[in-house]
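Dumped final_15.txt below, it's compact mmCIF, C-alpha atoms:
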```
# COMPACT_ATOMS: atom_id res chain seq x y z
CA MET N 10 3.29 28.24 5.44
CA GLU N 11 4.20 29.50 1.95
CA ALA N 12 3.12 27.22 -0.89
CA TRP N 13 6.69 26.68 -2.15
CA LYS N 14 7.86 25.55 1.29
CA THR N 15 4.97 23.11 1.51
CA LYS N 16 5.88 21.62 -1.85
CA ILE N 17 9.58 21.27 -0.94
CA LEU N 18 8.77 19.60 2.36
CA PHE N 19 6.23 17.36 0.67
CA LEU N 20 8.85 16.21 -1.83
CA ALA N 21 11.47 15.76 0.87
CA VAL N 22 9.29 13.56 3.03
CA PHE N 23 7.14 11.64 0.60
CA THR N 24 8.86 11.50 -2.79
CA SER N 25 11.12 8.52 -3.22
CA THR N 26 14.56 9.85 -4.03
CA GLN N 27 16.13 6.49 -3.27
CA THR N 28 13.82 4.29 -5.33
CA CYS N 29 12.55 4.13 -8.85
CA ILE N 30 9.16 2.45 -8.95
CA HIS N 31 8.59 0.05 -11.82
CA SER N 32 5.24 -1.39 -12.83
CA TYR N 33 4.99 -4.82 -14.37
CA ILE N 34 1.83 -5.53 -16.35
CA ILE N 35 1.52 -9.06 -17.66
CA LYS N 36 -1.19 -9.85 -20.20
CA SER N 37 -2.67 -13.31 -20.77
CA SER N 38 -4.08 -15.87 -18.37
CA SER N 39 -1.53 -14.98 -15.69
CA LEU N 40 -1.49 -16.35 -12.18
CA LEU N 41 -0.42 -13.95 -9.44
CA ILE N 42 1.54 -15.76 -6.71
CA THR N 43 1.68 -14.18 -3.26
CA SER N 44 2.43 -17.17 -1.05
CA PRO N 45 5.75 -17.47 0.88
CA PRO N 46 8.54 -18.52 -1.53
CA LEU N 47 10.96 -21.39 -1.13
CA LEU N 48 14.26 -19.89 -0.04
CA PRO N 49 17.69 -21.49 -0.71
CA ASN N 50 18.18 -24.71 1.27
CA MET N 51 14.47 -24.77 2.12
CA THR N 52 12.18 -27.65 1.22
CA LYS N 53 8.41 -27.54 1.14
CA SER N 54 8.29 -29.40 4.42
CA SER N 55 10.65 -26.92 6.12
CA ARG N 56 8.99 -23.76 4.79
CA PRO N 57 7.23 -21.83 7.57
CA SER N 58 3.47 -22.14 7.47
CA TYR N 59 1.38 -19.00 7.17
CA ASP N 60 -2.32 -18.48 7.49
CA ALA N 61 -3.89 -17.21 4.29
CA PRO N 62 -4.76 -13.52 4.58
CA PRO N 63 -8.44 -12.71 5.01
CA ARG N 64 -10.41 -11.95 1.86
CA TYR N 65 -12.97 -9.14 1.74
CA ASN N 66 -15.23 -7.60 -0.86
CA PHE N 67 -14.54 -3.94 -1.65
CA ASP N 68 -17.71 -2.31 -2.96
CA LEU N 69 -16.87 0.25 -5.64
CA ASP N 70 -20.54 1.23 -5.87
CA LEU N 71 -20.46 2.81 -2.42
CA PRO N 72 -19.50 6.47 -1.87
CA ASP N 73 -15.73 6.83 -1.56
CA GLU N 74 -15.78 7.54 2.18
CA GLN N 75 -17.82 4.41 2.96
CA ARG N 76 -15.88 1.80 0.98
CA TRP N 77 -13.48 0.73 3.75
CA VAL N 78 -15.98 0.65 6.62
CA SER N 79 -17.10 -2.97 6.26
CA ILE N 80 -13.44 -4.09 6.19
CA LEU N 81 -12.25 -1.94 9.09
CA ARG N 82 -14.98 -3.41 11.30
CA HIS N 83 -13.00 -6.66 11.38
CA TYR N 84 -10.09 -5.01 13.18
CA ASP N 85 -9.58 -3.57 16.63
CA LYS N 86 -9.66 0.19 16.12
CA ASP N 87 -7.11 1.07 18.79
CA ASN N 88 -4.63 -1.61 17.70
CA LEU N 89 -4.86 -0.61 14.06
CA LYS N 90 -4.44 3.06 14.92
CA GLN N 91 -1.32 2.25 16.95
CA MET N 92 0.17 0.13 14.15
CA ILE N 93 -0.25 3.02 11.71
CA ARG N 94 1.44 5.43 14.09
CA ASP N 95 4.24 2.96 14.79
CA ALA N 96 4.91 2.65 11.04
CA LEU N 97 4.95 6.42 10.59
CA SER N 98 7.35 6.87 13.49
CA ILE N 99 9.82 4.56 11.74
CA ILE N 100 9.83 6.37 8.40
CA LEU N 101 9.04 10.02 9.19
CA PRO N 102 11.26 12.47 11.07
CA LYS N 103 9.42 14.32 13.81
CA GLN N 104 9.81 17.59 11.90
CA ALA N 105 7.43 16.22 9.27
CA PHE N 106 4.34 15.74 11.41
CA PRO N 107 3.13 19.38 11.26
CA LEU N 108 3.37 19.06 7.49
CA VAL N 109 1.35 15.85 7.62
CA ASP N 110 -1.49 17.67 9.37
CA LEU N 111 -1.29 20.56 6.91
CA ILE N 112 -1.54 18.28 3.89
CA GLY N 113 -4.40 16.37 5.49
CA SER N 114 -6.41 19.57 5.84
CA GLN N 115 -5.99 20.24 2.09
CA LEU N 116 -5.98 16.65 0.86
CA ASN N 117 -7.61 17.15 -2.54
CA LYS N 118 -4.76 19.47 -3.54
CA TYR N 119 -2.38 16.53 -3.30
CA MET N 120 -4.48 13.48 -4.10
CA PRO N 121 -7.52 13.04 -6.37
CA ASP N 122 -10.74 11.21 -5.65
CA PRO N 123 -11.62 8.43 -5.12
CA TYR N 124 -8.39 8.03 -3.13
CA ALA N 125 -8.81 11.24 -1.13
CA GLY N 126 -12.36 10.28 -0.22
CA GLU N 127 -11.32 6.78 0.83
CA ILE N 128 -8.55 8.22 3.02
CA ARG N 129 -11.01 10.58 4.73
CA GLY N 130 -13.37 7.68 5.34
CA ILE N 131 -10.62 5.56 6.89
CA ALA N 132 -9.50 8.46 9.09
CA ASN N 133 -13.05 9.14 10.26
CA TRP N 134 -13.64 5.50 11.14
CA LEU N 135 -10.37 5.12 13.04
CA ASP N 136 -10.65 8.54 14.69
CA ILE N 137 -7.19 9.46 13.42
CA SER N 138 -6.04 12.47 11.45
CA VAL N 139 -6.50 12.52 7.68
CA GLY N 140 -2.85 13.51 7.34
CA GLU N 141 -1.67 10.38 9.14
CA ILE N 142 -3.63 8.09 6.84
CA PHE N 143 -2.37 10.05 3.83
CA ALA N 144 1.23 9.70 5.03
CA MET N 145 0.78 6.00 5.73
CA ASN N 146 -0.38 5.53 2.14
CA LEU N 147 2.80 7.13 0.82
CA ILE N 148 5.27 5.01 2.78
CA TYR N 149 5.99 3.05 -0.40
CA GLU N 150 7.15 6.28 -2.04
CA ALA N 151 9.76 6.77 0.68
CA THR N 152 11.06 3.23 1.07
CA ALA N 153 10.39 0.00 -0.76
CA PHE N 154 12.14 -3.32 -1.30
CA CYS N 155 9.73 -5.34 -3.45
CA THR N 156 10.62 -7.47 -6.44
CA SER N 157 8.58 -9.28 -9.09
CA ILE N 158 9.46 -12.39 -11.06
CA ILE N 159 7.88 -13.39 -14.36
CA ALA N 160 8.21 -16.92 -15.75
CA VAL N 161 6.58 -19.24 -18.28
CA ASN N 162 6.12 -22.96 -17.63
CA HIS N 163 6.18 -25.82 -20.13
CA ASN N 164 2.45 -25.31 -20.80
CA ASN N 165 3.08 -21.66 -21.73
CA MET N 166 1.28 -20.44 -18.65
CA VAL N 167 2.65 -17.12 -17.42
CA TRP N 168 3.46 -17.01 -13.71
CA HIS N 169 3.76 -13.60 -12.09
CA GLY N 170 5.25 -13.77 -8.60
CA ARG N 171 6.20 -11.00 -6.23
CA ASN N 172 7.38 -10.50 -2.67
CA LEU N 173 6.45 -7.85 -0.11
CA ASP N 174 9.65 -7.60 1.91
CA TYR N 175 9.34 -4.47 4.03
CA SER N 176 12.00 -5.31 6.61
CA HIS N 177 11.02 -2.44 8.93
CA PHE N 178 7.30 -3.20 8.95
CA SER N 179 7.08 -6.98 8.79
CA ASP N 180 5.13 -7.42 12.03
CA ILE N 181 2.71 -4.64 11.14
CA LEU N 182 2.11 -5.86 7.60
CA ARG N 183 1.75 -9.48 8.67
CA ASN N 184 -1.27 -8.44 10.73
CA THR N 185 -2.83 -6.19 8.10
CA THR N 186 -2.39 -8.14 4.85
CA VAL N 187 -5.68 -8.70 3.02
CA VAL N 188 -6.97 -9.90 -0.32
CA LEU N 189 -9.57 -7.52 -1.71
CA ASN N 190 -12.17 -8.34 -4.34
CA PHE N 191 -13.04 -5.00 -5.95
CA GLN N 192 -16.66 -5.30 -7.03
CA ARG N 193 -19.23 -3.47 -9.13
CA ASN N 194 -22.83 -4.67 -9.17
CA ASN N 195 -21.77 -7.56 -6.89
CA HIS N 196 -19.32 -8.78 -9.53
CA THR N 197 -15.55 -8.92 -8.95
CA VAL N 198 -13.81 -6.79 -11.58
CA PHE N 199 -10.28 -7.14 -10.16
CA THR N 200 -8.49 -8.49 -7.09
CA SER N 201 -5.62 -7.08 -5.04
CA THR N 202 -3.30 -8.35 -2.34
CA SER N 203 -2.98 -5.30 -0.14
CA PHE N 204 -2.92 -3.93 3.40
CA VAL N 205 -5.71 -2.59 5.56
CA ALA N 206 -6.23 1.15 5.00
CA ASN N 207 -3.93 1.21 1.96
CA VAL N 208 -5.84 2.82 -0.91
CA GLY N 209 -5.14 1.95 -4.52
CA ILE N 210 -3.22 -1.10 -5.73
CA HIS N 211 0.39 -2.26 -5.61
CA THR N 212 -0.41 -5.85 -6.54
CA GLY N 213 -3.46 -6.70 -8.60
CA MET N 214 -5.10 -9.12 -11.00
CA LYS N 215 -8.00 -8.86 -13.41
CA PRO N 216 -9.02 -12.51 -13.81
CA ASN N 217 -7.98 -14.00 -17.14
CA VAL N 218 -6.88 -10.59 -18.46
CA PHE N 219 -3.70 -9.28 -16.77
CA THR N 220 -1.78 -8.89 -13.53
CA VAL N 221 0.12 -5.84 -12.28
CA SER N 222 2.71 -5.19 -9.60
CA ILE N 223 4.72 -2.14 -8.51
CA ASN N 224 8.30 -2.72 -7.43
CA GLU N 225 11.47 -0.94 -6.33
CA ARG N 226 14.80 -0.36 -7.95
CA SER N 227 17.50 1.52 -6.04
CA THR N 228 18.99 4.57 -7.73
CA VAL N 229 20.40 7.35 -5.55
CA ILE N 230 20.16 7.81 -1.78
CA ILE N 231 19.41 11.21 -0.33
CA CYS N 232 18.63 12.26 3.24
CA PRO N 233 15.00 13.43 3.71
CA THR N 234 15.81 14.85 7.15
CA CYS N 235 18.58 16.99 5.62
CA LEU N 236 16.13 18.41 3.11
CA LEU N 237 13.66 19.16 5.88
CA ASN N 238 16.31 21.00 7.83
CA PHE N 239 17.23 22.93 4.70
```
Please, can you express the file's structure as C-alpha cells?
Amino acid sequence: MEAWKTKILFLAVFTSTQTCIHSYIIKSSSLLITSPPLLPNMTKSSRPSYDAPPRYNFDLDLPDEQRWVSILRHYDKDNLKQMIRDALSIILPKQAFPLVDLIGSQLNKYMPDPYAGEIRGIANWLDISVGEIFAMNLIYEATAFCTSIIAVNHNNMVWHGRNLDYSHFSDILRNTTVVLNFQRNNHTVFTSTSFVANVGIHTGMKPNVFTVSINERSTVIICPTCLLNF
C-alpha cells in the first residue's frame, strides 16, 4: 500500500476528528479522586457499591516488552483477548482491520518506545496481533467522553476529580480497571488509574507534586467510514 494511503487511512481510523483532547495538570498537594460520584438525587447510602480496582506495581526498570507481564498474569488470557477484540469491533469498521495489521508490522514508524515495546510485549503475552493492541490503545483518539473537575475546599486543598464514562465499553472497562504504581528502584515515582494493556497515562498523580488527566471536548463530527471508503 502506498505510504500516502496508509497515512490517510491511519488518520481516518485513529485520529479524533470529533474530539479535542484537553490535558489538565494541577500543581500542589492535589488529591486525585476516581471513586464513583454522587449523582443527582443520590445519597451516600443509595450510591452503588464498587470494589476498588486492583493495584499493581509497574516496574520501569524492566525492558519495555517485559513491563506488563507480571500484571497480565492476573487475568485470563482468552477472556482478555476477547474483550479487546469486542472493543475494537465496536469502534472500528471492518475495512480498517487490514490497516491495523499493516501498522502493527511497522509499529515504530507510528509510535515511539517505550510505548511500542510495551505494546509488542502485551501482544506477545496475549498471543494477539501487535496491530490489535496498538488499535486498542488509540480508542481514546477516536471516541471519548471524559470530564475533569477541579475544586478547592475551605482548607485550600485542591481536589482533582474525573470520570471515565465510556458508554460503549463500560462492561469491558469495569473488568480491566487498575491502579498502577510506576516504580524505579522499587520506589513509586507516579501512580495512574488505567486499564489493563493500555500503555501511557490518561489519569495520573505524582504524590505531593501534581495530578494530570486527559479529557474530551466535542468539536466537529466526521464519518471515519466515509473517509475509509474515499
Of the listed residues N:Ser138, N:Asn224, N:Asn195, N:Ser179, that which approaches Val109 of chain N most closely, counting all atoms listed in the file: N:Ser138
Can I get the residues of segment 133-204 of chain N within 8 Å of segment 110-115 of chain N, each with the closest pair of atoms and their distance in Å to one decimal, using all atoms listed in the file, sorted chain first then ascending number, as JSON lines?
```
{"residue": "N:Ser138", "atom": "CA", "partner": "N:Asp110", "partner_atom": "CA", "distance": 7.2}
{"residue": "N:Val139", "atom": "CA", "partner": "N:Gly113", "partner_atom": "CA", "distance": 4.9}
{"residue": "N:Gly140", "atom": "CA", "partner": "N:Gly113", "partner_atom": "CA", "distance": 3.7}
{"residue": "N:Glu141", "atom": "CA", "partner": "N:Asp110", "partner_atom": "CA", "distance": 7.3}
{"residue": "N:Phe143", "atom": "CA", "partner": "N:Gly113", "partner_atom": "CA", "distance": 6.8}
```
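Atom CA of Leu71 of chain N to atom CA of Arg183 of chain N spans 27.7 Å [interatomic distance, one decimal].
Distance-wise, atom CA of Asp87 of chain N and atom CA of Trp134 of chain N end up 11.0 Å apart.
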Exercise: residues within 9 Å of coordinate (2.8, 7.2, 6.0), counting only C-alpha atoms, as a ChimeraX atom specification: /N:23,93-94,96-98,100-101,109,140-149,151
Just write the chosen residues, C-alpha atoms, as a PDB file, keeping the file's coordinate frame.
```pdb
ATOM      1  CA  PHE N  23       7.140  11.640   0.600  1.00  0.00           C
ATOM      2  CA  ILE N  93      -0.250   3.020  11.710  1.00  0.00           C
ATOM      3  CA  ARG N  94       1.440   5.430  14.090  1.00  0.00           C
ATOM      4  CA  ALA N  96       4.910   2.650  11.040  1.00  0.00           C
ATOM      5  CA  LEU N  97       4.950   6.420  10.590  1.00  0.00           C
ATOM      6  CA  SER N  98       7.350   6.870  13.490  1.00  0.00           C
ATOM      7  CA  ILE N 100       9.830   6.370   8.400  1.00  0.00           C
ATOM      8  CA  LEU N 101       9.040  10.020   9.190  1.00  0.00           C
ATOM      9  CA  VAL N 109       1.350  15.850   7.620  1.00  0.00           C
ATOM     10  CA  GLY N 140      -2.850  13.510   7.340  1.00  0.00           C
ATOM     11  CA  GLU N 141      -1.670  10.380   9.140  1.00  0.00           C
ATOM     12  CA  ILE N 142      -3.630   8.090   6.840  1.00  0.00           C
ATOM     13  CA  PHE N 143      -2.370  10.050   3.830  1.00  0.00           C
ATOM     14  CA  ALA N 144       1.230   9.700   5.030  1.00  0.00           C
ATOM     15  CA  MET N 145       0.780   6.000   5.730  1.00  0.00           C
ATOM     16  CA  ASN N 146      -0.380   5.530   2.140  1.00  0.00           C
ATOM     17  CA  LEU N 147       2.800   7.130   0.820  1.00  0.00           C
ATOM     18  CA  ILE N 148       5.270   5.010   2.780  1.00  0.00           C
ATOM     19  CA  TYR N 149       5.990   3.050  -0.400  1.00  0.00           C
ATOM     20  CA  ALA N 151       9.760   6.770   0.680  1.00  0.00           C
TER      21      ALA N 151
END
```
Atomic distance atom CA of Met120 of chain N - atom CA of Ala105 of chain N, expressed in Å with one decimal: 18.1 Å
Minimum-distance residue to Pro72 of chain N, chosen among N:Val205, N:Tyr84, N:Pro123, N:Asp95 (using only C-alpha atoms): N:Pro123
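Around the point (-1.7, -1.4, -7.4), within 9 Å and counting all atoms listed in the file, we find these residues: Ser32, Ser201, Thr202, Ser203, Val208, Gly209, Ile210, His211, Thr212, Gly213, Val221, Ser222 and Ile223 of chain N.
Nearest to Arg129 of chain N of all the residues N:Thr156, N:Gln75, N:Gln91, N:Thr186 is N:Gln75, counting all atoms listed in the file.
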